[in-house]
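*Asks:* Got a structure for you, work.txt, holding compact mmCIF, C-alpha atoms.
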# COMPACT_ATOMS: atom_id res chain seq x y z
CA MET A 1 0.00 0.00 0.00
CA THR A 2 1.36 3.41 -0.85
CA THR A 3 1.04 6.43 1.37
CA ASP A 4 0.18 9.92 0.20
CA LEU A 5 1.96 11.59 3.11
CA PRO A 6 4.78 13.76 1.79
CA LEU A 7 8.33 12.74 2.64
CA PRO A 8 10.14 14.87 5.27
CA THR A 9 12.26 16.58 2.61
CA ASP A 10 9.13 17.28 0.54
CA ARG A 11 7.39 18.86 3.54
CA ALA A 12 10.31 21.22 4.13
CA ALA A 13 10.53 22.01 0.43
CA GLN A 14 6.80 22.69 0.36
CA LEU A 15 7.07 25.07 3.34
CA ARG A 16 10.00 26.84 1.67
CA ALA A 17 8.03 27.22 -1.57
CA GLU A 18 5.04 28.62 0.34
CA LEU A 19 7.20 31.08 2.26
CA LEU A 20 8.89 32.26 -0.92
CA ALA A 21 5.60 32.62 -2.80
CA ASP A 22 3.62 34.32 -0.03
CA ARG A 23 5.56 35.13 3.14
CA PRO A 24 2.87 37.17 4.94
CA GLY A 25 0.11 34.67 4.18
CA THR A 26 2.15 31.59 5.13
CA LEU A 27 3.47 33.16 8.34
CA THR A 28 -0.02 34.33 9.30
CA ARG A 29 -1.44 30.81 8.82
CA LEU A 30 1.36 29.29 10.92
CA TYR A 31 0.88 31.98 13.56
CA ARG A 32 -2.89 31.52 13.79
CA ARG A 33 -2.62 27.74 13.96
CA THR A 34 0.25 27.49 16.44
CA PHE A 35 0.45 30.52 18.72
CA PRO A 36 -2.61 29.61 20.87
CA MET A 37 -1.00 26.24 21.74
CA VAL A 38 2.28 27.90 22.69
CA GLU A 39 0.52 30.60 24.67
CA ARG A 40 -1.41 27.99 26.67
CA HIS A 41 1.77 26.05 27.41
CA VAL A 42 3.84 29.06 28.45
CA ARG A 43 1.09 30.45 30.69
CA ARG A 44 0.57 27.06 32.34
CA GLN A 45 4.31 26.91 32.94
CA GLY A 46 4.43 30.23 34.75
CA GLY A 47 5.03 32.65 31.88
CA SER A 48 3.10 35.74 30.83
CA ALA A 49 1.31 36.50 27.57
CA GLN A 50 4.30 38.62 26.57
CA ASP A 51 6.67 35.71 27.36
CA ALA A 52 4.58 33.48 25.10
CA GLN A 53 4.72 36.03 22.30
CA ASP A 54 8.50 36.49 22.62
CA VAL A 55 9.22 32.77 22.74
CA PHE A 56 6.90 32.00 19.83
CA GLN A 57 8.32 34.73 17.61
CA ASP A 58 11.88 33.55 18.37
CA ALA A 59 10.85 30.01 17.43
CA LEU A 60 9.17 31.16 14.23
CA LEU A 61 12.29 33.09 13.29
CA VAL A 62 14.44 29.98 13.77
CA LEU A 63 12.04 27.89 11.70
CA TYR A 64 11.83 30.55 8.97
CA GLU A 65 15.58 30.95 8.58
CA LYS A 66 16.12 27.20 8.36
CA ALA A 67 13.22 26.74 5.96
CA VAL A 68 14.30 29.40 3.47
CA ALA A 69 17.94 28.29 3.69
CA GLY A 70 16.85 24.76 2.76
CA THR A 71 18.42 23.27 5.90
CA LEU A 72 15.17 22.25 7.56
CA THR A 73 14.08 18.64 7.96
CA LEU A 74 10.41 18.19 8.78
CA THR A 75 9.28 14.83 10.09
CA ALA A 76 5.93 16.31 11.20
CA ALA A 77 3.81 19.35 10.40
CA PRO A 78 5.61 22.72 10.70
CA SER A 79 3.29 23.68 13.58
CA THR A 80 4.39 20.59 15.56
CA LEU A 81 8.03 21.60 15.20
CA LEU A 82 7.19 25.20 16.09
CA VAL A 83 5.53 24.09 19.32
CA ALA A 84 8.54 21.90 20.16
CA ILE A 85 11.03 24.74 19.54
CA SER A 86 8.88 27.15 21.57
CA ARG A 87 8.63 24.72 24.51
CA ASN A 88 12.38 24.24 24.43
CA LEU A 89 13.05 27.98 24.32
CA TRP A 90 10.63 28.60 27.19
CA ARG A 91 12.20 25.83 29.30
CA ARG A 92 15.64 27.40 28.81
CA GLU A 93 14.31 30.87 29.61
CA TRP A 94 12.52 29.56 32.70
CA GLN A 95 15.69 27.85 33.95
CA ARG A 96 17.68 31.03 33.27
CA ARG A 97 15.21 33.05 35.35
CA GLN A 98 15.40 30.53 38.20
CA GLN A 99 19.17 30.75 38.25
CA HIS A 100 19.39 34.52 37.80
CA PRO A 101 16.26 36.11 39.19
CA HIS A 102 15.92 39.73 38.11
CA ALA A 103 17.27 42.22 40.57
CA GLU A 104 15.07 45.26 40.82
CA LEU A 105 16.76 48.09 38.93
CA SER A 106 15.78 51.71 38.75
CA PRO A 107 15.09 52.97 35.18
CA ALA A 108 18.36 54.94 35.31
CA GLN A 109 20.31 51.81 36.32
CA ALA A 110 18.61 49.77 33.60
CA ASP A 111 19.50 52.42 31.01
CA ALA A 112 23.13 52.33 32.09
CA LEU A 113 23.41 48.58 31.43
CA PRO A 114 24.76 47.53 28.05
CA ASP A 115 22.02 46.26 25.76
CA PRO A 116 22.73 42.54 25.09
CA ASP A 117 20.77 42.75 21.82
CA ALA A 118 22.66 45.77 20.50
CA PRO A 119 24.54 44.91 17.31
CA GLU A 120 28.32 45.17 17.19
CA PRO A 121 29.50 48.54 15.79
CA GLU A 122 30.34 47.18 12.31
CA ALA A 123 26.93 45.55 11.90
CA ALA A 124 25.21 48.64 13.32
CA SER A 125 26.96 50.73 10.70
CA VAL A 126 25.73 48.40 7.93
CA LEU A 127 22.18 48.68 9.30
CA GLU A 128 22.39 52.45 9.36
CA GLN A 129 23.75 52.74 5.81
CA LEU A 130 21.31 50.14 4.47
CA ALA A 131 18.42 52.25 5.77
CA ARG A 132 19.78 55.14 3.69
CA LEU A 133 19.93 53.19 0.43
CA GLY A 134 16.92 53.50 -1.83
CA GLU A 135 13.97 51.23 -1.21
CA ARG A 136 14.71 49.17 -4.32
CA CYS A 137 18.28 48.35 -3.24
CA GLN A 138 17.18 47.56 0.31
CA ASN A 139 14.51 45.26 -1.02
CA ILE A 140 16.81 43.46 -3.47
CA LEU A 141 19.56 42.94 -0.88
CA LEU A 142 17.24 41.67 1.88
CA SER A 143 15.24 39.51 -0.53
CA PHE A 144 18.38 37.78 -1.74
CA TYR A 145 20.64 37.61 1.30
CA TYR A 146 18.08 37.16 4.10
CA HIS A 147 14.88 35.85 2.57
CA ARG A 148 16.88 33.72 0.11
CA GLN A 149 14.61 34.50 -2.80
CA PRO A 150 15.89 33.12 -6.10
CA LEU A 151 17.16 35.74 -8.54
CA GLU A 152 14.40 34.71 -10.98
CA GLN A 153 11.83 35.85 -8.44
CA ILE A 154 13.72 39.09 -7.70
CA ALA A 155 14.03 39.79 -11.44
CA ALA A 156 10.28 39.31 -11.91
CA ALA A 157 9.34 41.40 -8.86
CA HIS A 158 11.50 44.33 -10.01
CA ARG A 159 10.73 43.86 -13.71
CA TYR A 160 14.26 43.12 -14.85
CA GLY A 161 14.38 41.52 -18.25
CA SER A 162 16.70 38.72 -17.16
CA VAL A 163 18.32 37.04 -14.20
CA ARG A 164 21.61 38.49 -15.39
CA SER A 165 20.26 42.06 -15.11
CA ALA A 166 18.98 41.31 -11.60
CA THR A 167 22.40 39.85 -10.67
CA VAL A 168 24.20 42.96 -11.90
CA GLN A 169 21.75 45.18 -10.02
CA LYS A 170 22.24 43.16 -6.83
CA PHE A 171 26.00 43.66 -7.00
CA LYS A 172 25.55 47.36 -7.76
CA CYS A 173 23.46 47.65 -4.60
CA LEU A 174 26.08 45.72 -2.62
CA GLU A 175 28.77 48.02 -4.00
CA ARG A 176 26.79 51.10 -2.95
CA LEU A 177 26.30 49.66 0.53
CA ARG A 178 30.00 48.87 0.86
CA ALA A 179 30.97 52.37 -0.30
CA ALA A 180 28.53 53.99 2.16
CA VAL A 181 29.82 51.88 5.06
CA ARG A 182 33.43 52.67 4.14
CA THR A 183 32.74 56.40 3.98
CA ALA A 184 30.94 56.29 7.33
CA TRP A 185 33.88 54.43 8.92
CA ALA A 186 36.43 56.81 7.37
CA ASP A 187 34.44 59.78 8.75
CA THR A 188 34.33 58.17 12.21
CA ALA A 189 38.08 57.46 12.15
CA ASP A 190 38.67 61.02 10.99
CA LEU A 191 36.64 62.39 13.90
CA LEU A 192 38.49 60.20 16.39
CA THR A 193 41.95 61.31 15.23
CA ARG A 194 41.13 65.02 15.33
CA MET B 1 29.69 43.10 -15.59
CA ARG B 2 32.14 45.81 -14.54
CA PRO B 3 35.43 44.44 -13.10
CA GLU B 4 34.56 45.92 -9.66
CA LEU B 5 31.25 44.05 -9.63
CA ALA B 6 32.88 40.85 -10.88
CA ARG B 7 35.32 41.15 -7.96
CA LEU B 8 32.42 41.41 -5.50
CA GLN B 9 30.92 38.32 -7.12
CA ARG B 10 34.21 36.43 -6.87
CA ILE B 11 34.48 37.25 -3.15
CA GLU B 12 30.82 36.32 -2.63
CA GLN B 13 31.35 32.93 -4.22
CA HIS B 14 34.27 32.37 -1.87
CA LEU B 15 32.34 33.50 1.22
CA LEU B 16 28.85 32.12 0.59
CA GLY B 17 29.04 29.63 -2.21
CA PRO B 18 29.84 25.99 -1.89
CA VAL B 19 33.63 26.17 -2.22
CA PRO B 20 35.02 23.01 -3.76
CA ALA B 21 38.32 21.88 -2.28
CA ALA B 22 39.94 22.44 -5.66
CA GLU B 23 39.08 26.14 -5.36
CA ALA B 24 41.27 26.74 -2.26
CA PRO B 25 44.64 27.00 -4.07
CA ALA B 26 43.10 29.40 -6.61
CA TRP B 27 41.89 31.65 -3.76
CA GLN B 28 45.32 31.53 -2.11
CA LEU B 29 46.95 32.50 -5.39
CA ALA B 30 44.44 35.32 -5.90
CA GLN B 31 45.33 36.61 -2.43
CA LEU B 32 49.02 36.66 -3.36
CA LEU B 33 48.31 38.58 -6.53
CA ASP B 34 45.83 40.95 -4.88
CA PRO B 35 47.03 42.05 -1.42
CA GLU B 36 43.72 43.79 -0.66
CA LEU B 37 41.60 40.72 -1.32
CA ALA B 38 41.63 39.38 2.25
CA ALA B 39 40.67 42.75 3.77
CA ASP B 40 37.94 43.24 1.16
CA ALA B 41 36.60 39.75 1.83
CA GLN B 42 36.46 40.56 5.54
CA ALA B 43 34.62 43.83 4.82
CA GLN B 44 32.17 41.97 2.58
CA GLN B 45 31.58 39.42 5.33
CA GLN B 46 30.61 42.32 7.61
CA LEU B 47 28.07 43.44 5.00
CA TYR B 48 26.49 39.99 5.01
CA ARG B 49 26.33 39.97 8.83
CA GLY B 50 24.66 43.38 8.78
CA LEU B 51 22.19 42.23 6.12
CA GLN B 52 21.37 39.16 8.20
CA LEU B 53 20.67 41.40 11.16
CA ALA B 54 18.59 43.80 9.07
CA GLY B 55 16.59 40.89 7.68
CA ARG B 56 15.89 39.60 11.18
CA GLN B 57 14.73 43.01 12.28
CA GLN B 58 12.42 43.17 9.25
CA LEU B 59 11.02 39.69 9.98
CA ARG B 60 10.45 40.57 13.66
CA ARG B 61 8.50 43.67 12.59
CA GLU B 62 6.43 41.51 10.24
CA LEU B 63 5.71 38.96 13.00
CA GLN B 64 4.75 41.75 15.37
CA ALA B 65 2.36 43.11 12.73
CA ILE B 66 0.83 39.64 12.26
CA HIS B 67 0.35 39.29 16.02
CA HIS B 68 -1.29 42.69 16.11
CA GLN B 69 -3.51 41.82 13.17
CA LEU B 70 -4.63 38.50 14.71
CA TYR B 71 -4.92 39.45 18.36
CA GLY B 72 -4.98 43.23 18.51
CA PRO B 73 -2.65 45.41 20.60
CA ALA B 74 -0.72 43.94 23.55
CA SER B 75 -3.41 44.98 26.04
CA ALA B 76 -5.90 42.84 24.13
CA GLY B 77 -4.25 39.82 25.80
CA TRP B 78 -5.66 41.01 29.12
CA LEU B 79 -8.98 41.72 27.48
CA ARG B 80 -9.14 38.27 25.92
CA GLY B 81 -8.25 36.76 29.31
CA ALA B 82 -10.96 38.75 31.04
CA VAL B 83 -13.56 37.90 28.37
CA GLY B 84 -12.57 34.21 28.56
CA GLY B 85 -12.95 34.31 32.36
CA LEU B 86 -16.37 35.93 32.10
CA ARG B 87 -17.48 33.36 29.54
CA ALA B 88 -16.34 30.53 31.84
CA LEU B 89 -18.26 32.08 34.75
CA LEU B 90 -21.36 32.46 32.59
CA ARG B 91 -21.11 28.85 31.41
CA ARG B 92 -20.84 27.66 35.01
CA GLY B 93 -23.75 29.90 36.01
CA LEU B 94 -25.92 28.55 33.20
CA ARG B 95 -25.17 24.95 34.12
CA ARG B 96 -26.45 25.48 37.67
Show how you would write the structure in this file as structure tokens.

*Replies:*
Amino acid sequence: MTTDLPLPTDRAAQLRAELLADRPGTLTRLYRRTFPMVERHVRRQGGSAQDAQDVFQDALLVLYEKAVAGTLTLTAAPSTLLVAISRNLWRREWQRRQQHPHAELSPAQADALPDPDAPEPEAASVLEQLARLGERCQNILLSFYYHRQPLEQIAAAHRYGSVRSATVQKFKCLERLRAAVRTAWADTADLLTR
Amino acid sequence: MRPELARLQRIEQHLLGPVPAAEAPAWQLAQLLDPELAADAQAQQQLYRGLQLAGRQQLRRELQAIHHQLYGPASAGWLRGAVGGLRALLRRGLRR
């Protein structure tokens, strides 16, 4: 007897295809289907609604990056894996809180602490200069390097006649970003040596 | 493609592409011939790290928007909880 269930690799490939074709729709479906389960679990295990949201979004980010990179293996539905990642993340967070309970800090003290999520200066500079590039370049660079969209899709979205044109445009955008970051760093170094 | 863009592409293939073992000596030779190659590759790697970070920030904003769209603003969590509690009370009241 044959089974119609897709193979694990097919399931991951299917999720990747859905994310590439319609990211907002696919993420919304996953969110709607899975978040209530995670929220129930986290709240039963002593977390708040905000904890549930944080943990779930972290888990979805992990799943998304693996899915679009083609490194995901799915032996069950994506929502099952999402719940498992979320539970794991919440368990780790819960243990961390047990070991290091928050000391009460005044707002001034909290502001004085270094932000653990703050990007390193080089990456922060790239973020700043990327925000100054035109919308088209930002979109092309993020679509290719983060969302892993194929160049065919980028070419179609931006109405380039060929993949080759889209490739050239992508490198032009990368060149502009590199030049902007270099100038910003040279200006900073200049200021520091004055 | 302009030579400057082709150079970016060459570095990208080295940094992101599947680099076959046979490619390693060619890269070493290119580094000997082009003393700035290693520093430029490092700078390009920083660009990719920054783009990864920017992409994550974009995705987090999108997820936040989805949450908002599905469940309303953060305070709606309390509201949903309160409404759920009231419903449960009503159900219990009706059963009596």

*Asks:* Looking at B:Ala38, B:Leu70, B:Gln57, B:Leu63, which one is nearest to Leu15 (chain B), with distances taken over all atoms listed in the file?

*Replies:* B:Ala38

*Asks:* Sorted by chain and rising residue number, list the residues of chain A at most 8 Å from chain B (counting all atoms listed in the file), each with its closest atom pair and distance in Å to one decimal, as a tab-separated table.

*Replies:*
residue	atom	partner	partner_atom	distance
A:Pro24	CA	B:Glu62	CA	7.7
A:Leu27	CA	B:Leu63	CA	7.8
A:Thr28	CA	B:Ile66	CA	6.1
A:Tyr31	CA	B:His67	CA	7.7
A:Arg32	CA	B:Leu70	CA	7.3
A:Ala49	CA	B:Gly77	CA	6.7
A:Gln50	CA	B:Ala74	CA	7.9
A:Gln57	CA	B:Leu63	CA	6.8
A:Leu61	CA	B:Leu59	CA	7.5
A:Glu122	CA	B:Gln46	CA	6.8
A:Ala123	CA	B:Gly50	CA	4.4
A:Ala124	CA	B:Gly50	CA	7.0
A:Ser125	CA	B:Gly50	CA	7.9
A:Val126	CA	B:Gly50	CA	5.2
A:Leu127	CA	B:Gly50	CA	5.9
A:Leu141	CA	B:Leu51	CA	7.5
A:Leu142	CA	B:Gly55	CA	5.9
A:Tyr145	CA	B:Leu51	CA	6.9
A:Tyr146	CA	B:Gly55	CA	5.4
A:His147	CA	B:Gly55	CA	7.4
A:Val168	CA	B:Met1	CA	6.6
A:Phe171	CA	B:Leu5	CA	5.9
A:Lys172	CA	B:Leu5	CA	6.9
A:Glu175	CA	B:Leu5	CA	7.3
A:Leu177	CA	B:Leu47	CA	7.9
A:Arg178	CA	B:Leu47	CA	7.1

*Asks:* Create the file for the chosen residues now, containing C-alpha atoms and written as a short mmCIF file (atom, residue, chain, number, x, y, z; two decimals), keeping the file's coordinate frame.

*Replies:*
data_model
loop_
_atom_site.label_atom_id
_atom_site.label_comp_id
_atom_site.auth_asym_id
_atom_site.auth_seq_id
_atom_site.Cartn_x
_atom_site.Cartn_y
_atom_site.Cartn_z
CA PRO A 24 2.87 37.17 4.94
CA LEU A 27 3.47 33.16 8.34
CA THR A 28 -0.02 34.33 9.30
CA TYR A 31 0.88 31.98 13.56
CA ARG A 32 -2.89 31.52 13.79
CA ALA A 49 1.31 36.50 27.57
CA GLN A 50 4.30 38.62 26.57
CA GLN A 57 8.32 34.73 17.61
CA LEU A 61 12.29 33.09 13.29
CA GLU A 122 30.34 47.18 12.31
CA ALA A 123 26.93 45.55 11.90
CA ALA A 124 25.21 48.64 13.32
CA SER A 125 26.96 50.73 10.70
CA VAL A 126 25.73 48.40 7.93
CA LEU A 127 22.18 48.68 9.30
CA LEU A 141 19.56 42.94 -0.88
CA LEU A 142 17.24 41.67 1.88
CA TYR A 145 20.64 37.61 1.30
CA TYR A 146 18.08 37.16 4.10
CA HIS A 147 14.88 35.85 2.57
CA VAL A 168 24.20 42.96 -11.90
CA PHE A 171 26.00 43.66 -7.00
CA LYS A 172 25.55 47.36 -7.76
CA GLU A 175 28.77 48.02 -4.00
CA LEU A 177 26.30 49.66 0.53
CA ARG A 178 30.00 48.87 0.86
#

*Asks:* Report, in Å to a single decimal, how far apart CA of Thr80 (chain A) and CA of Gln99 (chain A) are.

*Replies:*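 According to the coordinates, CA of Gln99 (chain A) and CA of Thr80 (chain A) are separated by 28.9 Å.
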
*Asks:* I'd like the interatomic distance between CA of Arg16 (chain A) and CA of Lys66 (chain A), to a tenth of an Å.

*Replies:*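 Separation between CA of Arg16 (chain A) and CA of Lys66 (chain A): 9.1 Å.
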
*Asks:* If I take CA of Ala184 (chain A) and CA of Pro121 (chain A), how far is one from the other in Å, to one decimal?

*Replies:* 11.6 Å
